[in-house]
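Coordinates as given in protein.cif (mmCIF, C-alpha atoms):
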data_start
loop_
_atom_site.group_PDB
_atom_site.id
_atom_site.type_symbol
_atom_site.label_atom_id
_atom_site.label_comp_id
_atom_site.auth_asym_id
_atom_site.auth_seq_id
_atom_site.Cartn_x
_atom_site.Cartn_y
_atom_site.Cartn_z
ATOM 1 C CA MET Y 123 -13.758 -9.163 31.537
ATOM 2 C CA ASN Y 124 -16.355 -9.979 34.178
ATOM 3 C CA LYS Y 125 -19.096 -7.412 33.612
ATOM 4 C CA ILE Y 126 -19.830 -3.745 32.952
ATOM 5 C CA GLU Y 127 -18.602 -2.294 36.226
ATOM 6 C CA HIS Y 128 -20.015 1.153 35.525
ATOM 7 C CA ILE Y 129 -20.932 3.738 32.918
ATOM 8 C CA GLY Y 130 -19.425 7.195 33.402
ATOM 9 C CA ILE Y 131 -21.640 10.163 32.507
ATOM 10 C CA ALA Y 132 -20.216 13.689 32.251
ATOM 11 C CA VAL Y 133 -22.500 16.314 33.817
ATOM 12 C CA LYS Y 134 -22.182 20.038 34.387
ATOM 13 C CA ASP Y 135 -23.724 20.091 37.822
ATOM 14 C CA LEU Y 136 -23.601 17.095 40.142
ATOM 15 C CA LYS Y 137 -26.286 18.354 42.511
ATOM 16 C CA THR Y 138 -29.094 18.767 39.982
ATOM 17 C CA SER Y 139 -27.969 15.650 38.106
ATOM 18 C CA ASN Y 140 -28.162 13.581 41.286
ATOM 19 C CA VAL Y 141 -31.796 14.629 41.672
ATOM 20 C CA LEU Y 142 -32.548 13.779 38.032
ATOM 21 C CA PHE Y 143 -30.899 10.356 38.062
ATOM 22 C CA GLU Y 144 -32.549 9.528 41.375
ATOM 23 C CA LYS Y 145 -35.873 10.083 39.579
ATOM 24 C CA LEU Y 146 -34.716 7.910 36.674
ATOM 25 C CA PHE Y 147 -33.569 4.968 38.788
ATOM 26 C CA GLY Y 148 -36.072 5.387 41.612
ATOM 27 C CA GLU Y 149 -33.183 5.246 44.052
ATOM 28 C CA ALA Y 150 -30.679 7.812 45.362
ATOM 29 C CA HIS Y 151 -26.900 7.790 44.804
ATOM 30 C CA TYR Y 152 -25.066 5.903 47.514
ATOM 31 C CA LYS Y 153 -21.856 7.907 47.606
ATOM 32 C CA ILE Y 154 -20.011 11.033 46.539
ATOM 33 C CA GLU Y 155 -16.262 10.889 45.978
ATOM 34 C CA SER Y 156 -13.655 13.305 44.633
ATOM 35 C CA VAL Y 157 -10.629 12.190 42.609
ATOM 36 C CA GLU Y 158 -8.367 15.212 42.824
ATOM 37 C CA SER Y 159 -5.733 13.866 40.421
ATOM 38 C CA GLU Y 160 -8.423 13.703 37.704
ATOM 39 C CA GLY Y 161 -10.141 16.969 38.605
ATOM 40 C CA VAL Y 162 -13.512 15.295 39.157
ATOM 41 C CA LYS Y 163 -16.214 14.949 41.740
ATOM 42 C CA THR Y 164 -18.275 11.798 41.272
ATOM 43 C CA SER Y 165 -21.487 10.258 42.540
ATOM 44 C CA PHE Y 166 -22.445 6.597 42.260
ATOM 45 C CA PHE Y 167 -25.791 4.897 41.689
ATOM 46 C CA LYS Y 168 -26.453 1.169 41.811
ATOM 47 C CA VAL Y 169 -28.526 -0.476 39.097
ATOM 48 C CA GLY Y 170 -28.628 -4.137 40.008
ATOM 49 C CA ASN Y 171 -25.092 -5.458 39.837
ATOM 50 C CA ASN Y 172 -23.888 -2.452 37.770
ATOM 51 C CA LYS Y 173 -23.187 1.166 38.627
ATOM 52 C CA ILE Y 174 -23.638 4.581 37.079
ATOM 53 C CA GLU Y 175 -20.959 7.171 37.858
ATOM 54 C CA LEU Y 176 -21.808 10.845 37.350
ATOM 55 C CA LEU Y 177 -18.732 13.023 36.823
ATOM 56 C CA GLU Y 178 -18.506 16.774 37.402
ATOM 57 C CA ALA Y 179 -15.311 18.698 36.616
ATOM 58 C CA THR Y 180 -13.716 20.481 39.564
ATOM 59 C CA ASN Y 181 -11.445 22.652 37.397
ATOM 60 C CA ASN Y 182 -11.154 23.839 33.780
ATOM 61 C CA LYS Y 183 -8.329 21.458 32.939
ATOM 62 C CA SER Y 184 -10.267 18.374 34.002
ATOM 63 C CA PRO Y 185 -10.844 15.845 31.197
ATOM 64 C CA ILE Y 186 -14.547 16.136 32.033
ATOM 65 C CA ALA Y 187 -14.531 19.915 31.489
ATOM 66 C CA LYS Y 188 -12.864 19.383 28.104
ATOM 67 C CA PHE Y 189 -15.271 16.610 27.168
ATOM 68 C CA ILE Y 190 -18.335 18.747 27.934
ATOM 69 C CA GLU Y 191 -16.816 21.681 26.038
ATOM 70 C CA ARG Y 192 -16.398 19.517 22.916
ATOM 71 C CA LYS Y 193 -19.409 17.221 23.088
ATOM 72 C CA GLY Y 194 -21.791 18.448 25.767
ATOM 73 C CA GLU Y 195 -23.099 16.401 28.657
ATOM 74 C CA GLY Y 196 -23.497 12.672 28.064
ATOM 75 C CA ILE Y 197 -21.933 9.229 28.263
ATOM 76 C CA HIS Y 198 -18.202 9.579 28.819
ATOM 77 C CA HIS Y 199 -16.850 6.039 29.249
ATOM 78 C CA ILE Y 200 -17.617 2.353 29.857
ATOM 79 C CA ALA Y 201 -15.719 0.559 32.591
ATOM 80 C CA PHE Y 202 -15.264 -3.211 32.651
ATOM 81 C CA ASP Y 203 -14.402 -5.175 35.760
ATOM 82 C CA VAL Y 204 -11.297 -7.373 35.437
ATOM 83 C CA ASP Y 205 -9.526 -9.728 37.834
ATOM 84 C CA ASP Y 206 -5.963 -8.953 36.782
ATOM 85 C CA ILE Y 207 -5.519 -5.511 35.267
ATOM 86 C CA LYS Y 208 -1.797 -5.913 34.589
ATOM 87 C CA SER Y 209 -2.203 -9.038 32.485
ATOM 88 C CA GLU Y 210 -5.114 -7.393 30.635
ATOM 89 C CA ILE Y 211 -2.878 -4.418 29.795
ATOM 90 C CA ILE Y 212 -0.285 -6.766 28.316
ATOM 91 C CA ARG Y 213 -2.908 -8.738 26.388
ATOM 92 C CA LEU Y 214 -4.636 -5.647 24.972
ATOM 93 C CA GLU Y 215 -1.409 -3.963 23.922
ATOM 94 C CA LYS Y 216 -0.475 -7.110 22.011
ATOM 95 C CA GLU Y 217 -3.867 -6.939 20.298
ATOM 96 C CA GLY Y 218 -3.102 -3.382 19.130
ATOM 97 C CA PHE Y 219 -5.128 -1.312 21.596
ATOM 98 C CA ILE Y 220 -3.617 1.960 22.808
ATOM 99 C CA VAL Y 221 -3.286 1.882 26.589
ATOM 100 C CA LEU Y 222 -3.298 5.426 27.981
ATOM 101 C CA ASN Y 223 -1.535 4.685 31.276
ATOM 102 C CA LYS Y 224 0.687 1.615 31.322
ATOM 103 C CA GLU Y 225 0.830 1.651 35.101
ATOM 104 C CA PRO Y 226 -2.666 1.258 36.588
ATOM 105 C CA LYS Y 227 -3.642 4.269 38.681
ATOM 106 C CA LYS Y 228 -5.909 4.763 41.680
ATOM 107 C CA GLY Y 229 -9.426 5.691 40.538
ATOM 108 C CA ALA Y 230 -12.675 6.305 42.367
ATOM 109 C CA ASP Y 231 -14.455 3.591 44.354
ATOM 110 C CA ASN Y 232 -11.266 1.824 45.561
ATOM 111 C CA LYS Y 233 -10.151 0.614 42.130
ATOM 112 C CA LEU Y 234 -7.006 0.363 40.073
ATOM 113 C CA VAL Y 235 -7.881 1.724 36.649
ATOM 114 C CA VAL Y 236 -6.502 1.996 33.147
ATOM 115 C CA PHE Y 237 -7.960 3.646 30.050
ATOM 116 C CA LEU Y 238 -7.787 2.661 26.374
ATOM 117 C CA HIS Y 239 -7.600 5.416 23.774
ATOM 118 C CA PRO Y 240 -10.939 5.805 21.921
ATOM 119 C CA LYS Y 241 -8.920 5.992 18.683
ATOM 120 C CA SER Y 242 -8.284 2.263 19.059
ATOM 121 C CA THR Y 243 -11.821 1.325 20.173
ATOM 122 C CA LYS Y 244 -14.201 2.908 17.626
ATOM 123 C CA GLY Y 245 -14.599 6.141 19.562
ATOM 124 C CA VAL Y 246 -15.379 4.451 22.866
ATOM 125 C CA LEU Y 247 -13.377 5.468 25.936
ATOM 126 C CA VAL Y 248 -12.879 2.098 27.663
ATOM 127 C CA GLU Y 249 -11.803 1.817 31.287
ATOM 128 C CA LEU Y 250 -10.661 -1.397 32.921
ATOM 129 C CA CYS Y 251 -10.870 -1.591 36.676
ATOM 130 C CA GLN Y 252 -9.793 -4.014 39.340
ATOM 131 C CA ASP Y 253 -10.812 -3.899 43.001
ATOM 132 C CA ILE Y 254 -8.028 -2.934 45.385
ATOM 133 C CA LYS Y 255 -7.920 -5.620 48.036
ATOM 134 C CA ASP Y 256 -6.979 -4.297 51.488
ATOM 135 C CA MET D 20 -34.528 -1.162 36.826
ATOM 136 C CA ASN D 21 -32.774 -4.487 37.219
ATOM 137 C CA LYS D 22 -29.409 -3.935 35.546
ATOM 138 C CA ILE D 23 -27.633 -2.479 32.526
ATOM 139 C CA GLU D 24 -29.031 -4.768 29.839
ATOM 140 C CA HIS D 25 -26.655 -3.510 27.154
ATOM 141 C CA ILE D 26 -24.639 -0.602 25.828
ATOM 142 C CA GLY D 27 -25.252 0.330 22.198
ATOM 143 C CA ILE D 28 -22.211 1.414 20.178
ATOM 144 C CA ALA D 29 -22.593 3.027 16.743
ATOM 145 C CA VAL D 30 -20.031 1.734 14.229
ATOM 146 C CA LYS D 31 -19.463 2.352 10.536
ATOM 147 C CA ASP D 32 -18.650 -1.211 9.627
ATOM 148 C CA LEU D 33 -19.972 -4.181 11.582
ATOM 149 C CA LYS D 34 -17.544 -6.702 10.116
ATOM 150 C CA THR D 35 -14.301 -4.972 11.108
ATOM 151 C CA SER D 36 -15.836 -3.847 14.410
ATOM 152 C CA ASN D 37 -16.788 -7.427 15.280
ATOM 153 C CA VAL D 38 -13.142 -8.417 14.856
ATOM 154 C CA LEU D 39 -11.968 -5.501 17.011
ATOM 155 C CA PHE D 40 -14.420 -6.068 19.853
ATOM 156 C CA GLU D 41 -13.702 -9.788 19.805
ATOM 157 C CA LYS D 42 -10.073 -8.846 20.517
ATOM 158 C CA LEU D 43 -11.185 -6.484 23.281
ATOM 159 C CA PHE D 44 -13.432 -8.967 25.081
ATOM 160 C CA GLY D 45 -11.476 -12.109 24.206
ATOM 161 C CA GLU D 46 -14.720 -13.647 22.962
ATOM 162 C CA ALA D 47 -16.676 -13.467 19.704
ATOM 163 C CA HIS D 48 -20.151 -11.982 19.195
ATOM 164 C CA TYR D 49 -22.900 -14.537 19.685
ATOM 165 C CA LYS D 50 -25.436 -13.222 17.205
ATOM 166 C CA ILE D 51 -26.165 -10.864 14.333
ATOM 167 C CA GLU D 52 -29.652 -9.417 13.955
ATOM 168 C CA SER D 53 -31.235 -6.807 11.687
ATOM 169 C CA VAL D 54 -34.008 -4.474 12.831
ATOM 170 C CA GLU D 55 -35.400 -3.220 9.542
ATOM 171 C CA SER D 56 -37.799 -0.705 11.097
ATOM 172 C CA GLU D 57 -34.789 1.063 12.677
ATOM 173 C CA GLY D 58 -32.483 0.683 9.675
ATOM 174 C CA VAL D 59 -29.819 -1.157 11.682
ATOM 175 C CA LYS D 60 -27.828 -4.344 11.634
ATOM 176 C CA THR D 61 -26.613 -5.339 15.090
ATOM 177 C CA SER D 62 -24.212 -7.780 16.683
ATOM 178 C CA PHE D 63 -24.211 -8.806 20.332
ATOM 179 C CA PHE D 64 -21.375 -9.630 22.718
ATOM 180 C CA LYS D 65 -21.739 -10.977 26.236
ATOM 181 C CA VAL D 66 -19.689 -9.483 29.058
ATOM 182 C CA GLY D 67 -20.723 -11.401 32.156
ATOM 183 C CA ASN D 68 -24.393 -10.687 32.759
ATOM 184 C CA ASN D 69 -24.355 -7.618 30.458
ATOM 185 C CA LYS D 70 -24.240 -7.192 26.700
ATOM 186 C CA ILE D 71 -22.635 -4.905 24.166
ATOM 187 C CA GLU D 72 -24.638 -4.200 21.008
ATOM 188 C CA LEU D 73 -22.780 -2.910 17.956
ATOM 189 C CA LEU D 74 -25.029 -1.000 15.535
ATOM 190 C CA GLU D 75 -24.374 -0.400 11.844
ATOM 191 C CA ALA D 76 -26.749 1.698 9.721
ATOM 192 C CA THR D 77 -28.348 -0.101 6.776
ATOM 193 C CA ASN D 78 -29.530 3.100 5.093
ATOM 194 C CA ASN D 79 -28.823 6.859 5.152
ATOM 195 C CA LYS D 80 -31.953 7.689 7.113
ATOM 196 C CA SER D 81 -31.126 5.326 9.957
ATOM 197 C CA PRO D 82 -30.728 7.043 13.356
ATOM 198 C CA ILE D 83 -27.292 5.388 13.489
ATOM 199 C CA ALA D 84 -26.212 6.985 10.185
ATOM 200 C CA LYS D 85 -27.304 10.384 11.503
ATOM 201 C CA PHE D 86 -25.576 9.834 14.838
ATOM 202 C CA ILE D 87 -22.251 8.926 13.182
ATOM 203 C CA GLU D 88 -22.574 11.908 10.829
ATOM 204 C CA ARG D 89 -22.943 14.285 13.796
ATOM 205 C CA LYS D 90 -20.719 12.692 16.422
ATOM 206 C CA GLY D 91 -18.651 9.949 14.818
ATOM 207 C CA GLU D 92 -18.484 6.359 15.984
ATOM 208 C CA GLY D 93 -18.962 5.753 19.701
ATOM 209 C CA ILE D 94 -21.381 5.002 22.519
ATOM 210 C CA HIS D 95 -24.942 5.550 21.305
ATOM 211 C CA HIS D 96 -27.209 4.501 24.186
ATOM 212 C CA ILE D 97 -27.563 2.689 27.515
ATOM 213 C CA ALA D 98 -30.341 0.147 27.899
ATOM 214 C CA PHE D 99 -31.754 -0.863 31.264
ATOM 215 C CA ASP D 100 -33.659 -4.058 31.870
ATOM 216 C CA VAL D 101 -37.118 -3.574 33.432
ATOM 217 C CA ASP D 102 -39.865 -5.993 34.454
ATOM 218 C CA ASP D 103 -42.846 -3.888 33.437
ATOM 219 C CA ILE D 104 -42.078 -1.389 30.688
ATOM 220 C CA LYS D 105 -45.582 0.090 30.592
ATOM 221 C CA SER D 106 -45.618 1.044 34.264
ATOM 222 C CA GLU D 107 -42.084 2.454 33.907
ATOM 223 C CA ILE D 108 -43.261 4.662 31.023
ATOM 224 C CA ILE D 109 -46.057 6.033 33.207
ATOM 225 C CA ARG D 110 -43.721 6.557 36.164
ATOM 226 C CA LEU D 111 -41.015 8.302 34.115
ATOM 227 C CA GLU D 112 -43.445 10.590 32.305
ATOM 228 C CA LYS D 113 -44.797 11.694 35.682
ATOM 229 C CA GLU D 114 -41.220 12.441 36.740
ATOM 230 C CA GLY D 115 -40.799 14.746 33.715
ATOM 231 C CA PHE D 116 -38.798 12.528 31.341
ATOM 232 C CA ILE D 117 -39.600 12.731 27.636
ATOM 233 C CA VAL D 118 -40.641 9.306 26.366
ATOM 234 C CA LEU D 119 -39.967 9.024 22.625
ATOM 235 C CA ASN D 120 -42.464 6.251 21.878
ATOM 236 C CA LYS D 121 -45.377 5.904 24.282
ATOM 237 C CA GLU D 122 -46.218 2.455 22.946
ATOM 238 C CA PRO D 123 -43.279 0.063 23.474
ATOM 239 C CA LYS D 124 -41.950 -1.268 20.158
ATOM 240 C CA LYS D 125 -40.239 -4.480 19.125
ATOM 241 C CA GLY D 126 -36.464 -4.062 19.295
ATOM 242 C CA ALA D 127 -33.551 -6.424 18.714
ATOM 243 C CA ASP D 128 -32.949 -9.504 20.874
ATOM 244 C CA ASN D 129 -36.658 -10.295 21.506
ATOM 245 C CA LYS D 130 -37.393 -7.187 23.581
ATOM 246 C CA LEU D 131 -40.045 -4.531 23.924
ATOM 247 C CA VAL D 132 -38.212 -1.209 23.987
ATOM 248 C CA VAL D 133 -38.804 2.454 24.656
ATOM 249 C CA PHE D 134 -36.403 5.406 24.452
ATOM 250 C CA LEU D 135 -36.132 8.553 26.574
ATOM 251 C CA HIS D 136 -35.117 11.793 24.860
ATOM 252 C CA PRO D 137 -31.493 12.746 25.753
ATOM 253 C CA LYS D 138 -32.754 16.295 26.309
ATOM 254 C CA SER D 139 -34.404 15.058 29.492
ATOM 255 C CA THR D 140 -31.509 12.835 30.645
ATOM 256 C CA LYS D 141 -28.368 15.019 30.480
ATOM 257 C CA GLY D 142 -27.500 14.059 26.927
ATOM 258 C CA VAL D 143 -27.825 10.321 27.528
ATOM 259 C CA LEU D 144 -30.039 8.305 25.180
ATOM 260 C CA VAL D 145 -31.702 5.883 27.604
ATOM 261 C CA GLU D 146 -33.471 2.739 26.439
ATOM 262 C CA LEU D 147 -35.694 0.607 28.639
ATOM 263 C CA CYS D 148 -36.253 -2.970 27.584
ATOM 264 C CA GLN D 149 -38.398 -5.826 28.720
ATOM 265 C CA ASP D 150 -38.105 -9.447 27.580
ATOM 266 C CA ILE D 151 -40.929 -10.634 25.357
ATOM 267 C CA LYS D 152 -42.225 -13.830 26.914
ATOM 268 C CA ASP D 153 -43.393 -16.400 24.371
#

Would you mind writing the structure in this file as structure tokens?
Amino acid sequence: MNKIEHIGIAVKDLKTSNVLFEKLFGEAHYKIESVESEGVKTSFFKVGNNKIELLEATNNKSPIAKFIERKGEGIHHIAFDVDDIKSEIIRLEKEGFIVLNKEPKKGADNKLVVFLHPKSTKGVLVELCQDIKD
Amino acid sequence: MNKIEHIGIAVKDLKTSNVLFEKLFGEAHYKIESVESEGVKTSFFKVGNNKIELLEATNNKSPIAKFIERKGEGIHHIAFDVDDIKSEIIRLEKEGFIVLNKEPKKGADNKLVVFLHPKSTKGVLVELCQDIKD
């Protein structure tokens, strides 16, 4: 794993949260992107070589809506950058981690992504992501 | 803010968690450190230019013990690296963030640290940290 690619934070309202996090970082978000398959609208901030992704649910069935219902707003997941997501999936399954989608799927920010079940990672929702090369 | 310095993860048992996260990252922790004033024992992993800090409570009154009691194991805080923690405290207070300790305190890993109340940051416990220069 190369670095923390981003931290995902579940928020109720993207607009007001963008203002707040701009104050925190002293710099505005650099893009807004919707991932319809996940029922989320996201915004991205750069902090050095890392990113912060704010996530707002776009419907009641979105994982983000369910997360906020159970736990309130807050840190939702950590994403790690990897070079070869498919070989990482094989390696981590062998190590006993529960991979939520065996086939990497298209996530925000032009990435292939996979999630590990928090049950296998001490309550931490871990995402692996690999850049999609054009 | 220069980068994500580390992510803090609250765990019940440091020993078994060290084994698990070593499997996740494919690399062992590089140090163990206790911060008695906070009632925690920590271990650190490197992931590229970022770190993961596992935190185990050393007594019942530790913030980590209380966190696990309320929420279970999982992500506890995000720490951002800053050059000048005192000027950041002044800036963030002006912006309306609630600073938990106005005087930076000595944290793990040779840092001066300050925390922002999650109430003012959408449920996210934010730590700022600055290297202590010898």

Taking all atoms listed in the file into account, what are the residues of chain Y at most 7 Å from chain D, put as a ChimeraX atom specification? /Y:123-126,133,145-147,169-172,195-197,214,217,244-246

Which one is closest to Y:Glu215: Y:Ile186, Y:Val141, Y:Leu238, Y:Leu250? Count all atoms listed in the file. Y:Leu238

In Å to one decimal, how far is atom CA of D:Val133 from atom CA of D:Ala98?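 It comes out at 9.4 Å.
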
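In this model, the gap between atom CA of Y:Lys183 and atom CA of Y:Tyr152 comes to 27.1 Å.
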
Name every residue that the PyMOL selection byres ((chain Y and resi 252) around 10) selects in this structure, writing the answer as a list in words with chains first and numbers rising.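 Evaluating the PyMOL selection byres ((chain Y and resi 252) around 10) on this file yields Glu127, Phe202, Asp203, Val204, Asp205, Asp206, Ile207, Lys208, Pro226, Lys228, Gly229, Asn232, Lys233, Leu234, Val235, Val236, Leu250, Cys251, Asp253, Ile254 and Lys255 of chain Y.
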
Would you compute the distance between atom CA of D:Asp128 and atom CA of Y:Glu144? Give it in Å to one decimal.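 Atom CA of D:Asp128 sits 28.0 Å away from atom CA of Y:Glu144.
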